[in-house]
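A.B. asks: structure_19.txt is the file, holding compact mmCIF, C-alpha atoms:
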# COMPACT_ATOMS: atom_id res chain seq x y z
CA MET A 207 9.52 -75.14 60.71
CA THR A 208 6.52 -73.03 59.70
CA ASP A 209 3.75 -72.88 62.25
CA THR A 210 0.67 -74.40 60.59
CA THR A 211 -1.57 -72.25 62.80
CA VAL A 212 0.01 -69.12 61.37
CA ILE A 213 -0.54 -70.41 57.83
CA ALA A 214 -4.18 -71.12 58.63
CA ASP A 215 -4.59 -67.60 60.02
CA GLU A 216 -3.12 -66.09 56.85
CA LEU A 217 -5.53 -68.08 54.70
CA GLN A 218 -8.49 -66.73 56.68
CA ARG A 219 -8.11 -63.48 54.76
CA PHE A 220 -9.30 -65.34 51.67
CA ARG A 221 -12.39 -66.78 53.40
CA LEU A 222 -15.84 -65.35 52.68
CA ASP A 223 -17.80 -66.86 55.55
CA GLY A 224 -21.03 -64.96 56.13
CA ARG A 225 -20.68 -62.90 52.94
CA VAL A 226 -23.31 -62.88 50.21
CA ALA A 227 -22.08 -62.96 46.61
CA ILE A 228 -24.23 -62.34 43.55
CA VAL A 229 -22.80 -63.97 40.43
CA THR A 230 -24.42 -62.74 37.23
CA GLY A 231 -24.27 -65.14 34.32
CA ALA A 232 -23.68 -67.96 36.79
CA THR A 233 -24.97 -70.54 34.34
CA GLY A 234 -22.06 -69.93 31.96
CA GLY A 235 -18.70 -71.67 31.99
CA ILE A 236 -16.91 -68.90 33.87
CA GLY A 237 -19.83 -67.89 36.08
CA SER A 238 -20.56 -71.41 37.28
CA ARG A 239 -16.90 -72.04 38.12
CA VAL A 240 -16.58 -68.75 40.01
CA SER A 241 -19.80 -69.56 41.89
CA GLU A 242 -18.31 -72.88 43.01
CA ALA A 243 -15.09 -71.22 44.15
CA LEU A 244 -16.82 -68.52 46.18
CA ALA A 245 -19.13 -71.05 47.79
CA ARG A 246 -16.20 -73.28 48.71
CA VAL A 247 -14.61 -70.47 50.72
CA GLY A 248 -17.81 -69.81 52.63
CA ALA A 249 -19.90 -67.36 50.59
CA ARG A 250 -23.63 -67.66 50.24
CA VAL A 251 -24.19 -67.40 46.51
CA VAL A 252 -27.01 -65.83 44.54
CA VAL A 253 -27.00 -67.66 41.21
CA HIS A 254 -28.25 -65.51 38.34
CA GLY A 255 -29.13 -66.80 34.90
CA ARG A 256 -31.69 -66.27 32.18
CA ASP A 257 -32.69 -69.96 32.10
CA GLN A 258 -34.43 -71.24 35.22
CA ALA A 259 -33.47 -74.88 34.77
CA ARG A 260 -29.78 -74.13 34.25
CA ALA A 261 -29.68 -71.73 37.21
CA ASP A 262 -31.42 -74.32 39.40
CA ALA A 263 -28.83 -76.91 38.36
CA VAL A 264 -25.92 -74.66 39.37
CA ALA A 265 -27.54 -73.86 42.72
CA HIS A 266 -28.29 -77.55 43.30
CA GLY A 267 -24.62 -78.37 42.77
CA LEU A 268 -23.59 -75.76 45.33
CA ARG A 269 -26.10 -77.05 47.88
CA GLU A 270 -24.87 -80.60 47.32
CA GLU A 271 -21.50 -79.38 48.61
CA GLY A 272 -23.12 -77.85 51.68
CA ALA A 273 -23.29 -74.23 50.51
CA GLN A 274 -26.26 -71.89 50.73
CA ALA A 275 -27.52 -70.73 47.34
CA ALA A 276 -30.47 -68.82 45.94
CA VAL A 277 -31.59 -68.51 42.33
CA VAL A 278 -32.68 -65.38 40.48
CA THR A 279 -33.54 -65.28 36.78
CA GLY A 280 -33.85 -62.24 34.57
CA ASP A 281 -32.56 -60.10 31.72
CA LEU A 282 -29.96 -57.77 33.20
CA THR A 283 -30.21 -55.35 30.30
CA LEU A 284 -33.55 -54.39 31.89
CA ARG A 285 -33.40 -52.17 34.96
CA GLU A 286 -36.45 -53.80 36.55
CA ASP A 287 -34.84 -57.24 36.35
CA ALA A 288 -31.50 -55.97 37.66
CA ASP A 289 -33.16 -54.23 40.60
CA ARG A 290 -35.33 -57.27 41.32
CA MET A 291 -32.27 -59.53 41.38
CA VAL A 292 -30.72 -57.50 44.19
CA GLU A 293 -34.04 -57.23 46.03
CA GLU A 294 -34.41 -61.02 45.92
CA ALA A 295 -30.83 -61.45 47.13
CA LEU A 296 -31.62 -59.22 50.09
CA GLY A 297 -34.83 -61.14 50.68
CA ALA A 298 -32.97 -64.44 50.72
CA PHE A 299 -29.89 -63.47 52.74
CA SER A 300 -30.52 -59.94 54.13
CA ARG A 301 -27.30 -58.48 52.73
CA VAL A 302 -25.15 -58.11 49.62
CA ASP A 303 -21.37 -58.02 49.95
CA ILE A 304 -20.06 -59.03 46.53
CA ILE A 305 -21.17 -58.87 42.93
CA VAL A 306 -19.29 -60.68 40.18
CA ASN A 307 -20.41 -59.76 36.67
CA THR A 308 -19.72 -62.51 34.14
CA VAL A 309 -22.50 -61.72 31.65
CA GLY A 310 -21.12 -60.81 28.23
CA GLY A 311 -19.65 -62.14 25.02
CA GLY A 312 -21.22 -62.42 21.60
CA ALA A 313 -18.33 -60.87 19.68
CA GLY A 314 -18.30 -63.64 17.10
CA THR A 315 -22.03 -63.24 16.48
CA ALA A 316 -21.69 -59.65 15.25
CA VAL A 317 -18.73 -59.31 12.91
CA TYR A 318 -18.91 -56.31 10.57
CA PRO A 319 -16.51 -53.76 9.05
CA ALA A 320 -15.94 -50.76 11.31
CA GLU A 321 -17.10 -48.36 8.61
CA SER A 322 -20.49 -50.05 8.20
CA TYR A 323 -21.23 -51.60 11.60
CA PRO A 324 -25.05 -51.96 11.85
CA GLU A 325 -26.62 -49.79 14.53
CA GLU A 326 -28.95 -52.54 15.72
CA GLU A 327 -26.09 -54.99 16.20
CA TRP A 328 -23.99 -52.30 17.88
CA ASP A 329 -26.75 -51.71 20.42
CA ARG A 330 -27.17 -55.44 21.05
CA ILE A 331 -23.49 -56.08 21.76
CA MET A 332 -23.13 -52.93 23.85
CA ASP A 333 -26.19 -53.90 25.92
CA LEU A 334 -24.92 -57.45 26.43
CA ASN A 335 -21.44 -56.37 27.53
CA LEU A 336 -21.98 -53.00 29.21
CA ARG A 337 -25.59 -52.30 30.14
CA SER A 338 -25.87 -55.80 31.65
CA VAL A 339 -23.02 -54.82 33.98
CA ILE A 340 -23.99 -51.24 34.78
CA LEU A 341 -27.56 -51.92 35.91
CA PRO A 342 -26.98 -54.80 38.37
CA THR A 343 -23.85 -53.15 39.74
CA GLN A 344 -25.72 -49.94 40.49
CA ALA A 345 -28.38 -51.91 42.37
CA ALA A 346 -25.80 -53.98 44.26
CA ALA A 347 -23.75 -50.90 45.15
CA ARG A 348 -26.83 -49.19 46.59
CA ALA A 349 -27.40 -52.25 48.79
CA MET A 350 -23.74 -52.27 49.89
CA ILE A 351 -23.82 -48.56 50.71
CA ALA A 352 -27.03 -48.98 52.71
CA GLY A 353 -25.52 -51.95 54.55
CA GLY A 354 -22.51 -49.90 55.66
CA ARG A 355 -20.09 -52.84 55.52
CA GLY A 356 -18.26 -52.01 52.30
CA GLY A 357 -18.15 -54.56 49.54
CA ARG A 358 -16.49 -56.00 46.47
CA VAL A 359 -17.36 -55.47 42.80
CA LEU A 360 -15.65 -57.65 40.21
CA HIS A 361 -16.27 -57.20 36.49
CA PHE A 362 -15.23 -59.57 33.73
CA SER A 363 -13.75 -57.58 30.87
CA SER A 364 -11.51 -58.86 28.04
CA VAL A 365 -8.09 -58.26 26.54
CA ARG A 366 -10.10 -56.77 23.67
CA GLY A 367 -10.68 -53.76 25.90
CA GLN A 368 -6.96 -53.06 25.43
CA LEU A 369 -6.18 -54.59 22.03
CA GLY A 370 -7.78 -54.11 18.66
CA ILE A 371 -8.24 -57.07 16.33
CA ASP A 372 -8.84 -57.12 12.58
CA SER A 373 -11.99 -59.24 12.89
CA GLY A 374 -14.89 -56.78 12.83
CA PHE A 375 -15.33 -56.59 16.60
CA SER A 376 -15.95 -52.81 16.87
CA ALA A 377 -18.88 -52.99 19.29
CA TYR A 378 -17.29 -55.64 21.49
CA VAL A 379 -13.96 -53.85 21.91
CA ALA A 380 -15.78 -50.56 22.51
CA ALA A 381 -17.91 -52.15 25.24
CA LYS A 382 -14.95 -53.79 26.97
CA GLY A 383 -12.84 -50.64 26.74
CA ALA A 384 -15.71 -48.71 28.32
CA LEU A 385 -15.99 -51.34 31.05
CA ASP A 386 -12.30 -50.91 31.90
CA ALA A 387 -12.84 -47.14 32.21
CA LEU A 388 -16.01 -47.67 34.24
CA THR A 389 -14.09 -49.91 36.64
CA ARG A 390 -11.75 -47.02 37.44
CA GLN A 391 -14.62 -44.55 37.77
CA GLN A 392 -16.73 -46.71 40.06
CA ALA A 393 -13.68 -47.48 42.19
CA THR A 394 -13.02 -43.77 42.59
CA GLU A 395 -16.60 -42.90 43.53
CA TRP A 396 -17.30 -45.82 45.84
CA ALA A 397 -14.01 -45.91 47.74
CA LYS A 398 -15.50 -43.65 50.39
CA HIS A 399 -18.04 -46.40 51.10
CA GLY A 400 -15.38 -49.10 51.49
CA ILE A 401 -16.36 -50.72 48.19
CA THR A 402 -13.56 -51.89 45.92
CA VAL A 403 -14.09 -52.25 42.18
CA ASN A 404 -11.79 -54.28 39.94
CA ALA A 405 -11.95 -56.16 36.66
CA LEU A 406 -10.43 -59.30 35.24
CA SER A 407 -9.41 -59.18 31.61
CA PRO A 408 -8.94 -62.70 30.22
CA THR A 409 -8.10 -63.79 26.73
CA PHE A 410 -9.96 -66.69 25.11
CA VAL A 411 -11.37 -69.06 27.78
CA ALA A 412 -12.44 -72.60 26.87
CA THR A 413 -16.13 -72.65 27.80
CA PRO A 414 -19.17 -74.29 26.18
CA GLN A 415 -19.95 -70.94 24.54
CA VAL A 416 -16.86 -71.27 22.30
CA GLU A 417 -16.64 -75.05 21.85
CA SER A 418 -17.48 -74.87 18.16
CA LEU A 419 -14.72 -72.32 17.51
CA LEU A 420 -12.11 -74.32 19.38
CA ALA A 421 -13.12 -77.46 17.49
CA ASP A 422 -11.51 -75.85 14.44
CA GLU A 423 -7.91 -77.05 14.80
CA ALA A 424 -6.48 -74.26 12.66
CA PHE A 425 -8.30 -71.61 14.69
CA ARG A 426 -7.14 -73.11 17.97
CA ALA A 427 -3.54 -73.45 16.77
CA GLY A 428 -3.53 -69.81 15.72
CA LEU A 429 -4.69 -68.73 19.18
CA GLU A 430 -2.13 -70.88 20.96
CA ALA A 431 0.67 -69.56 18.75
CA ARG A 432 -0.05 -65.97 19.83
CA ILE A 433 -0.12 -66.80 23.57
CA PRO A 434 3.34 -67.16 25.15
CA LEU A 435 2.15 -69.97 27.41
CA HIS A 436 0.89 -71.73 24.26
CA ARG A 437 -2.44 -72.84 25.61
CA ILE A 438 -6.04 -71.70 25.87
CA ALA A 439 -7.28 -70.52 29.27
CA ASP A 440 -9.54 -72.80 31.27
CA PRO A 441 -12.24 -71.53 33.69
CA ASP A 442 -9.97 -72.71 36.51
CA ASP A 443 -7.46 -70.06 35.41
CA VAL A 444 -9.77 -67.24 36.54
CA VAL A 445 -10.54 -68.71 39.96
CA GLY A 446 -7.51 -67.57 41.96
CA ALA A 447 -7.73 -63.95 40.86
CA SER A 448 -11.50 -63.93 41.42
CA MET A 449 -11.16 -65.23 44.97
CA LEU A 450 -8.41 -62.72 45.73
CA LEU A 451 -10.31 -59.69 44.49
CA CYS A 452 -13.50 -60.71 46.33
CA SER A 453 -11.69 -61.23 49.64
CA ASP A 454 -10.27 -59.17 52.50
CA ALA A 455 -6.80 -60.02 51.17
CA ALA A 456 -7.49 -57.46 48.42
CA SER A 457 -8.80 -54.68 50.67
CA PHE A 458 -6.25 -52.18 49.27
CA ILE A 459 -6.70 -53.14 45.60
CA THR A 460 -9.23 -51.07 43.67
CA GLY A 461 -9.64 -49.55 40.24
CA GLN A 462 -7.46 -52.21 38.64
CA VAL A 463 -7.88 -54.27 35.47
CA LEU A 464 -5.92 -57.50 35.90
CA THR A 465 -5.07 -59.21 32.63
CA LEU A 466 -5.25 -63.02 32.58
CA ASP A 467 -3.91 -63.83 29.16
CA GLY A 468 -0.97 -66.23 29.30
CA GLY A 469 1.33 -63.34 28.39
CA LEU A 470 -0.54 -62.21 25.27
CA THR A 471 -0.58 -58.48 26.02
CA ALA A 472 3.05 -58.56 27.18
CA CYS A 473 4.19 -59.14 23.63
CA GLN A 474 1.63 -57.15 21.62
Show me this structure written as structure tokens.
C.D. replies:
Amino acid sequence: MTDTTVIADELQRFRLDGRVAIVTGATGGIGSRVSEALARVGARVVVHGRDQARADAVAHGLREEGAQAAVVTGDLTLREDADRMVEEALGAFSRVDIIVNTVGGGAGTAVYPAESYPEEEWDRIMDLNLRSVILPTQAAARAMIAGGRGGRVLHFSSVRGQLGIDSGFSAYVAAKGALDALTRQQATEWAKHGITVNALSPTFVATPQVESLLADEAFRAGLEARIPLHRIADPDDVVGASMLLCSDAASFITGQVLTLDGGLTACQ
């Protein structure tokens, strides 16, 4: 019979008691779910969002479950806001151990032919999906390096960083492909500080942001037909991998892009 004490000891490697995790985009469908998961394994969570009321609501939900949570609002495409977010996290909890970057998206709002993609829209999508990750991660990494305890960086990329699609998504796929490369570069540079850097690369996830698209039965059926598991991902589907890569259980995993796609890229 398995010793339950041994099992409990093994599971301790997934606990985050005493750690401080910043979740950017924590008011979104993925960010809010990841915030809940990290809080439930002991992390103190810094909830970032651009809307104060929505960020307060997420933090209130975490506190209702007994977690410690702080709220920071701001536009992470602006260096001053990104730096302030980390400063406020340090002010609230005196340390930063984890940053999870879930800000991004917008591919369907900027669909243009590759040969005539508008420069203004290119810049907007690149800022939303790349600059909004680079700036807060730099600030968080500086805090981790100064703290001398190592840390965890987790980016949210997309299968579109690996796969093209004939839908006019040039800027989006360029941003996500760059994020995959940046993950490897940051991991290489920050390994000497005990900081691991990884990315999750999901396919379509059913969040409020894409409700209108998924309401189109033909569109949804087309997605499901291309995914070997024949279903759309749910925010719960990103939780296990997120918890792993933020924990001590993943202390030897760095520079990796883990695809969460129901088998999509296995058959493309």
A.B. asks: For a test of reading the model, state the distance in Å between CA of Leu222 in chain A and CA of Ser457 in chain A, rounded to one decimal.
C.D. replies: 12.9 Å
A.B. asks: Find the residue from A:Met449, A:Ile401, A:Val306, A:Leu244 that sits nearest to Gly356 in chain A; use only C-alpha atoms when measuring.
C.D. replies: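 Smallest distance to Gly356 in chain A is found for A:Ile401.
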A.B. asks: Give the answer as one residue: which of A:Ser338, A:Gln392, A:Gln218, A:Gln368 has the shortest atom-to-atom distance to Thr409 in chain A, using only C-alpha atoms?
C.D. replies: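 Ranked by minimum distance to Thr409 in chain A, first place goes to A:Gln368.
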A.B. asks: Would you pick out the contacts of Gly235 in chain A at 12 Å or less, using all atoms listed in the file, so that residues sharing its chain but fewer than 3 positions from it are not included, and give the list as a PyMOL selection string?
C.D. replies: chain A and resi 230-232+238-242+255+260+264+308-311+411-417+439-445
A.B. asks: For a test of reading the model, state the distance in Å between CA of Val252 in chain A and CA of Ile438 in chain A, rounded to one decimal.
C.D. replies: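 Answer for the CA of Val252 in chain A to CA of Ile438 in chain A separation: 28.7 Å.
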A.B. asks: In terms of the shortest atom-to-atom distance over all atoms listed in the file, which of A:Thr471, A:Ser418, A:Gln274, A:Asn335 is closest to Ala227 in chain A?
C.D. replies: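 Looking at the shortest contact to Ala227 in chain A, the residue is A:Gln274.
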A.B. asks: Kindly compute an axis-aligned box around the listed atoms of range 300-305 of chain A, allowing 4 Å on each side, and express its centre and edge lengths in Å to one decimal as AutoDock Vina command-line options.
C.D. replies:
--center_x -25.3 --center_y -59.0 --center_z 48.5 --size_x 18.5 --size_y 9.9 --size_z 19.2
A.B. asks: Skip Gln258 in chain A itself and residues of its chain fewer than 6 positions away, then list as a list in words all residues within 10 Å of it, counting all atoms listed in the file.
C.D. replies: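 In the requested format, the answer is Thr233, Val277, Val278, Thr279 and Gly280 of chain A.
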A.B. asks: Near Val247 in chain A, within 7 Å and counting all atoms listed in the file, which residues show up once chain neighbours fewer than 2 positions away are dropped, as a list in words?
C.D. replies: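 Near Val247 in chain A, the qualifying residues are Arg221, Leu222, Asp223, Ala243, Leu244, Ala245 and Ala249 of chain A.
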A.B. asks: At what distance in Å, to one decimal, does CA of Ser407 in chain A lie from CA of Val365 in chain A?
C.D. replies: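 CA of Ser407 in chain A lies 5.3 Å from CA of Val365 in chain A.
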A.B. asks: Given all atoms listed in the file as the basis, pick out the residue of A:Leu217, A:Ala288, A:Ala320, A:Ile351 nearest to Ser453 in chain A.
C.D. replies: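 Answer, going by the shortest atom-to-atom distance: A:Leu217.
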A.B. asks: Fewer than 6 positions away in the same chain doesn't count, so skip those; otherwise give me all residues within 8 Å of Arg301 in chain A, counting all atoms listed in the file, as a list in words.
C.D. replies: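 Contacts, in chain order: Arg225, Val226, Ala295, Ala349, Met350 and Gly353 of chain A.
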A.B. asks: Skipping near chain neighbours, those fewer than 2 positions away, what residues fall within 12 Å of Leu334 in chain A using all atoms listed in the file, listed as a ChimeraX atom specification?
C.D. replies: /A:231,281-284,307-313,315-316,327-332,336-341,377-378,381-382,385
